[in-house]
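Chemist: What follows is query22.json, made up of JSON, C-alpha atoms:
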```json
[["chain", "number", "residue", "atom", "x", "y", "z"],
["H", 47, "MET", "CA", 23.23, -9.91, -5.14],
["H", 48, "THR", "CA", 23.72, -12.39, -7.93],
["H", 49, "GLU", "CA", 21.37, -12.92, -10.85],
["H", 50, "ARG", "CA", 20.19, -16.17, -9.26],
["H", 51, "GLU", "CA", 19.44, -14.41, -5.94],
["H", 52, "TYR", "CA", 17.58, -11.69, -7.83],
["H", 53, "ASN", "CA", 15.42, -14.29, -9.60],
["H", 54, "GLU", "CA", 14.70, -16.01, -6.27],
["H", 55, "CYS", "CA", 13.67, -12.64, -4.85],
["H", 56, "VAL", "CA", 11.29, -12.07, -7.76],
["H", 57, "THR", "CA", 9.78, -15.52, -7.30],
["H", 58, "SER", "CA", 9.46, -15.16, -3.53],
["H", 59, "TYR", "CA", 8.23, -11.58, -3.13],
["H", 60, "ALA", "CA", 6.54, -10.43, -6.33],
["H", 61, "ASP", "CA", 3.05, -11.42, -5.18],
["H", 62, "ASN", "CA", 3.48, -9.87, -1.73],
["H", 63, "VAL", "CA", 4.74, -6.56, -3.10],
["H", 64, "TYR", "CA", 2.01, -6.46, -5.75],
["H", 65, "ARG", "CA", -0.71, -7.21, -3.18],
["H", 66, "PHE", "CA", 0.62, -4.47, -0.86],
["H", 67, "ILE", "CA", 0.75, -1.86, -3.63],
["H", 68, "LEU", "CA", -2.63, -2.89, -5.08],
["H", 69, "LYS", "CA", -4.31, -2.56, -1.65],
["H", 70, "ASN", "CA", -3.00, 1.00, -1.47],
["H", 71, "LEU", "CA", -3.58, 2.16, -5.03],
["H", 72, "ARG", "CA", -6.70, 0.09, -5.81],
["H", 73, "HIS", "CA", -5.79, 0.12, -9.50],
["H", 74, "GLU", "CA", -4.26, -2.97, -11.08],
["H", 75, "GLU", "CA", -2.34, -1.34, -13.93],
["H", 76, "ASP", "CA", -0.83, 1.33, -11.68],
["H", 77, "ALA", "CA", 0.13, -1.33, -9.12],
["H", 78, "ARG", "CA", 1.83, -3.41, -11.83],
["H", 79, "ASP", "CA", 3.75, -0.35, -13.03],
["H", 80, "VAL", "CA", 4.93, 0.51, -9.51],
["H", 81, "VAL", "CA", 6.02, -3.06, -8.80],
["H", 82, "GLN", "CA", 7.78, -3.33, -12.17],
["H", 83, "THR", "CA", 9.68, -0.12, -11.48],
["H", 84, "ALA", "CA", 10.66, -1.36, -8.02],
["H", 85, "PHE", "CA", 12.08, -4.60, -9.46],
["H", 86, "GLU", "CA", 13.83, -2.64, -12.20],
["H", 87, "LYS", "CA", 15.52, -0.39, -9.60],
["H", 88, "MET", "CA", 16.52, -3.44, -7.60],
["H", 89, "TRP", "CA", 18.05, -4.99, -10.72],
["H", 90, "ARG", "CA", 20.01, -1.84, -11.52],
["H", 91, "ASN", "CA", 21.33, -1.66, -7.95],
["H", 92, "ARG", "CA", 21.81, -5.39, -7.43],
["H", 93, "GLU", "CA", 25.54, -5.02, -6.69],
["H", 94, "GLU", "CA", 24.74, -2.85, -3.65],
["H", 95, "VAL", "CA", 21.79, -4.94, -2.41],
["H", 96, "ASP", "CA", 22.45, -7.59, 0.23],
["H", 97, "ALA", "CA", 20.53, -10.73, -0.75],
["H", 98, "GLU", "CA", 19.44, -11.30, 2.86],
["H", 99, "LYS", "CA", 17.87, -7.83, 2.98],
["H", 100, "SER", "CA", 16.33, -7.97, -0.48],
["H", 101, "LYS", "CA", 12.73, -8.20, 0.78],
["H", 102, "SER", "CA", 13.10, -5.09, 2.93],
["H", 103, "TYR", "CA", 14.89, -3.26, 0.11],
["H", 104, "LEU", "CA", 12.20, -4.23, -2.38],
["H", 105, "PHE", "CA", 9.30, -3.13, -0.16],
["H", 106, "THR", "CA", 11.10, 0.14, 0.61],
["H", 107, "VAL", "CA", 11.63, 0.94, -3.07],
["H", 108, "ALA", "CA", 8.06, -0.09, -3.94],
["H", 109, "TYR", "CA", 6.66, 2.03, -1.10],
["H", 110, "HIS", "CA", 8.55, 5.11, -2.29],
["H", 111, "GLN", "CA", 7.52, 4.47, -5.90],
["H", 112, "MET", "CA", 3.89, 4.21, -4.74],
["H", 113, "ILE", "CA", 4.13, 7.53, -2.86],
["H", 114, "ASP", "CA", 5.62, 9.19, -5.96],
["H", 115, "HIS", "CA", 2.83, 7.74, -8.08],
["H", 116, "ILE", "CA", 0.13, 8.99, -5.68],
["H", 117, "ARG", "CA", 1.62, 12.49, -5.69],
["H", 118, "LYS", "CA", 1.79, 12.49, -9.49],
["H", 119, "VAL", "CA", -1.85, 11.38, -9.78],
["H", 120, "LYS", "CA", -2.96, 14.09, -7.36],
["H", 121, "ARG", "CA", -1.33, 16.71, -9.59],
["H", 122, "ILE", "CA", -3.19, 15.40, -12.63],
["H", 123, "GLN", "CA", -6.67, 15.46, -11.12],
["H", 124, "LEU", "CA", -9.22, 15.11, -13.88],
["H", 125, "GLN", "CA", -12.70, 16.52, -13.53],
["H", 126, "GLU", "CA", -15.56, 14.12, -13.80],
["H", 127, "GLU", "CA", -17.51, 14.47, -17.01],
["H", 128, "PHE", "CA", -20.89, 13.63, -15.50],
["H", 129, "SER", "CA", -22.82, 15.54, -12.89],
["H", 130, "ASP", "CA", -24.23, 13.79, -9.83],
["H", 131, "SER", "CA", -27.76, 13.96, -11.22],
["H", 132, "VAL", "CA", -26.80, 11.89, -14.28],
["H", 133, "LYS", "CA", -25.18, 9.10, -12.31],
["H", 134, "VAL", "CA", -27.16, 6.04, -11.35],
["H", 135, "GLN", "CA", -26.84, 5.42, -7.64],
["H", 136, "ASN", "CA", -27.79, 2.19, -5.99],
["H", 137, "LYS", "CA", -27.26, 1.62, -2.31],
["H", 138, "PRO", "CA", -24.88, -1.35, -2.23],
["H", 139, "VAL", "CA", -25.36, -4.28, 0.05],
["H", 140, "HIS", "CA", -22.52, -4.04, 2.54],
["H", 141, "ASN", "CA", -20.39, -6.98, 3.36],
["H", 142, "LEU", "CA", -17.43, -7.13, 5.69],
["H", 143, "LYS", "CA", -14.83, -6.95, 2.92],
["H", 144, "LYS", "CA", -16.45, -3.83, 1.45],
["H", 145, "VAL", "CA", -16.70, -2.19, 4.89],
["H", 146, "LEU", "CA", -13.00, -2.88, 5.51],
["H", 147, "GLU", "CA", -12.01, -1.53, 2.08],
["H", 148, "ASP", "CA", -14.08, 1.62, 2.68],
["H", 149, "ALA", "CA", -12.52, 2.03, 6.11],
["H", 150, "LEU", "CA", -9.00, 1.67, 4.69],
["H", 151, "GLU", "CA", -9.84, 4.17, 1.95],
["H", 152, "ARG", "CA", -10.63, 6.81, 4.58],
["H", 153, "LEU", "CA", -7.09, 6.64, 5.99],
["H", 154, "ASN", "CA", -4.34, 8.83, 4.62],
["H", 155, "GLU", "CA", -1.67, 7.14, 2.51],
["H", 156, "THR", "CA", 0.82, 6.80, 5.39],
["H", 157, "GLN", "CA", -1.70, 5.29, 7.79],
["H", 158, "ARG", "CA", -3.05, 2.91, 5.13],
["H", 159, "SER", "CA", 0.48, 1.77, 4.28],
["H", 160, "LEU", "CA", 1.32, 1.17, 7.93],
["H", 161, "VAL", "CA", -1.83, -0.88, 8.52],
["H", 162, "LEU", "CA", -1.21, -2.95, 5.40],
["H", 163, "LEU", "CA", 2.46, -3.52, 6.21],
["H", 164, "LYS", "CA", 1.76, -4.54, 9.82],
["H", 165, "ASP", "CA", -1.58, -6.32, 9.68],
["H", 166, "TYR", "CA", -1.60, -7.72, 6.13],
["H", 167, "GLU", "CA", 2.09, -8.37, 5.50],
["H", 168, "GLY", "CA", 3.19, -9.03, 9.10],
["H", 169, "TYR", "CA", 6.22, -6.75, 9.27],
["H", 170, "SER", "CA", 7.69, -5.72, 12.63],
["H", 171, "TYR", "CA", 7.68, -2.09, 13.75],
["H", 172, "GLU", "CA", 11.40, -1.88, 13.04],
["H", 173, "GLU", "CA", 11.01, -3.26, 9.51],
["H", 174, "ILE", "CA", 8.12, -0.89, 8.81],
["H", 175, "GLY", "CA", 10.25, 1.99, 10.04],
["H", 176, "LYS", "CA", 13.02, 1.06, 7.61],
["H", 177, "ILE", "CA", 10.57, 0.77, 4.72],
["H", 178, "THR", "CA", 8.73, 4.04, 5.40],
["H", 179, "GLY", "CA", 11.58, 6.09, 6.83],
["H", 180, "LEU", "CA", 9.80, 6.56, 10.18],
["H", 181, "ASN", "CA", 11.23, 5.72, 13.59],
["H", 182, "ASP", "CA", 9.71, 2.97, 15.75],
["H", 183, "SER", "CA", 7.69, 5.34, 17.95],
["H", 184, "GLN", "CA", 6.25, 7.19, 14.95],
["H", 185, "VAL", "CA", 5.22, 3.87, 13.43],
["H", 186, "LYS", "CA", 3.51, 2.83, 16.67],
["H", 187, "VAL", "CA", 1.72, 6.16, 17.12],
["H", 188, "TYR", "CA", 0.56, 6.45, 13.50],
["H", 189, "LEU", "CA", -0.54, 2.81, 13.47],
["H", 190, "HIS", "CA", -2.45, 3.27, 16.73],
["H", 191, "ARG", "CA", -4.24, 6.34, 15.35],
["H", 192, "ALA", "CA", -5.04, 4.52, 12.11],
["H", 193, "ARG", "CA", -6.52, 1.59, 14.00],
["H", 194, "LEU", "CA", -8.64, 3.94, 16.10],
["H", 195, "GLN", "CA", -9.99, 5.54, 12.92],
["H", 196, "LEU", "CA", -10.71, 2.12, 11.45],
["H", 197, "LYS", "CA", -12.49, 1.04, 14.62],
["H", 198, "GLU", "CA", -14.53, 4.25, 14.74],
["H", 199, "TYR", "CA", -15.65, 3.80, 11.15],
["H", 200, "ILE", "CA", -16.33, 0.08, 11.33],
["H", 201, "VAL", "CA", -18.46, 0.17, 14.50],
["H", 202, "LYS", "CA", -20.88, 2.73, 13.07],
["H", 203, "LEU", "CA", -24.13, 0.87, 12.53],
["H", 204, "GLU", "CA", -24.89, 2.48, 9.16],
["H", 205, "ASN", "CA", -21.59, 1.20, 7.75],
["H", 206, "VAL", "CA", -22.29, -2.40, 8.74],
["H", 207, "ILE", "CA", -25.95, -2.66, 7.75]]
```
Could I get this structure in the form of structure tokens?
Modeler:
Amino acid sequence: MTEREYNECVTSYADNVYRFILKNLRHEEDARDVVQTAFEKMWRNREEVDAEKSKSYLFTVAYHQMIDHIRKVKRIQLQEEFSDSVKVQNKPVHNLKKVLEDALERLNETQRSLVLLKDYEGYSYEEIGKITGLNDSQVKVYLHRARLQLKEYIVKLENVI
């Protein structure tokens, strides 16, 4: 991959990768860090990266960086400083976007990533398998189970009203 091809890759895919990572992490600064690290790794390995496969390579690296970040954050769990009685709780007015975000939040990190890669980014099962390291049938099964969980959550009346 040449410097020009790398720059074209940044221009073409930066927003897509950032959106994918942000949907999973739900934290802008962490998503920026993960995406920056993915592009940095791609730059360092640009001689080995085929320009035609740069999108797949980039999403694969970003996905693995995101998983590493999630694992690191889980190890550094901080306790909340306020008790539940001190917090102000208002019942939010649900809208479809909020219901979908809540439903996605309930999925484990693998399922959420699969749903986002397939339904938001439009990747094929084969491409998703290459990105996540799963085979085609695992991708299909995990995606099917994730969609069933999403459907089960979304159709509950209390989540929609």
Chemist: Please provide the set of residues having any atom within 8 Å of H:Glu173, restricted to only C-alpha atoms, with same-chain residues fewer than 4 positions apart removed, written as a VMD selection string.
Modeler: chain H and resid 102 169 177
Chemist: Could you please determine the separation between atom CA of H:Lys202 and atom CA of H:Lys164 in Å, to one decimal place?
Modeler: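 Spanning atom CA of H:Lys202 to atom CA of H:Lys164 is a straight-line distance of 24.0 Å.
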Chemist: Could you state the separation of atom CA of H:Leu162 and atom CA of H:Trp89 in Å, given to one decimal place?
Modeler: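 Atom CA of H:Trp89 lies 25.2 Å from atom CA of H:Leu162.
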Chemist: To one decimal place, how far is atom CA of H:Arg193 from atom CA of H:Ala84 in Å?
Modeler: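 Atom CA of H:Ala84 lies at a distance of 28.1 Å from atom CA of H:Arg193.
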Chemist: Of the candidates H:His73, H:Thr156, H:Leu68, H:Thr106, which shows the shortest atom-to-atom distance to H:Phe85, using all atoms listed in the file?
Modeler: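 For H:Phe85, the nearest of the candidates is H:Thr106.
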Chemist: Have a look at H:Met47, H:Val56, H:Leu160, H:Ile200 and name the one nearest to H:Gln184; count all atoms listed in the file.
Modeler: H:Leu160
Chemist: I'd like the contact shell of H:Glu155 - 10 Å cut-off, only C-alpha atoms, skipping same-chain residues fewer than 4 positions apart - returned as a count of residues only.
Modeler: 9
Chemist: Would you please work out which residue, of H:Val201, H:Leu142, H:Val161, H:Val81, is nearest to H:Ile174 when using all atoms listed in the file?
Modeler: H:Val161
Chemist: Give the answer as one residue: which of H:Val145, H:Leu104, H:Met88, H:Val119 has the shortest atom-to-atom distance to H:Asp61, using all atoms listed in the file?
Modeler: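 The shortest atom-to-atom distance to H:Asp61 comes from H:Leu104.
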Chemist: Quick one: everything within 8 Å of H:Gln157, counting all atoms listed in the file, minus sequence neighbours fewer than 3 positions away in the same chain. Send it as number ranges by chain.
Modeler: H: 153-154, 160-161, 188-189, 192
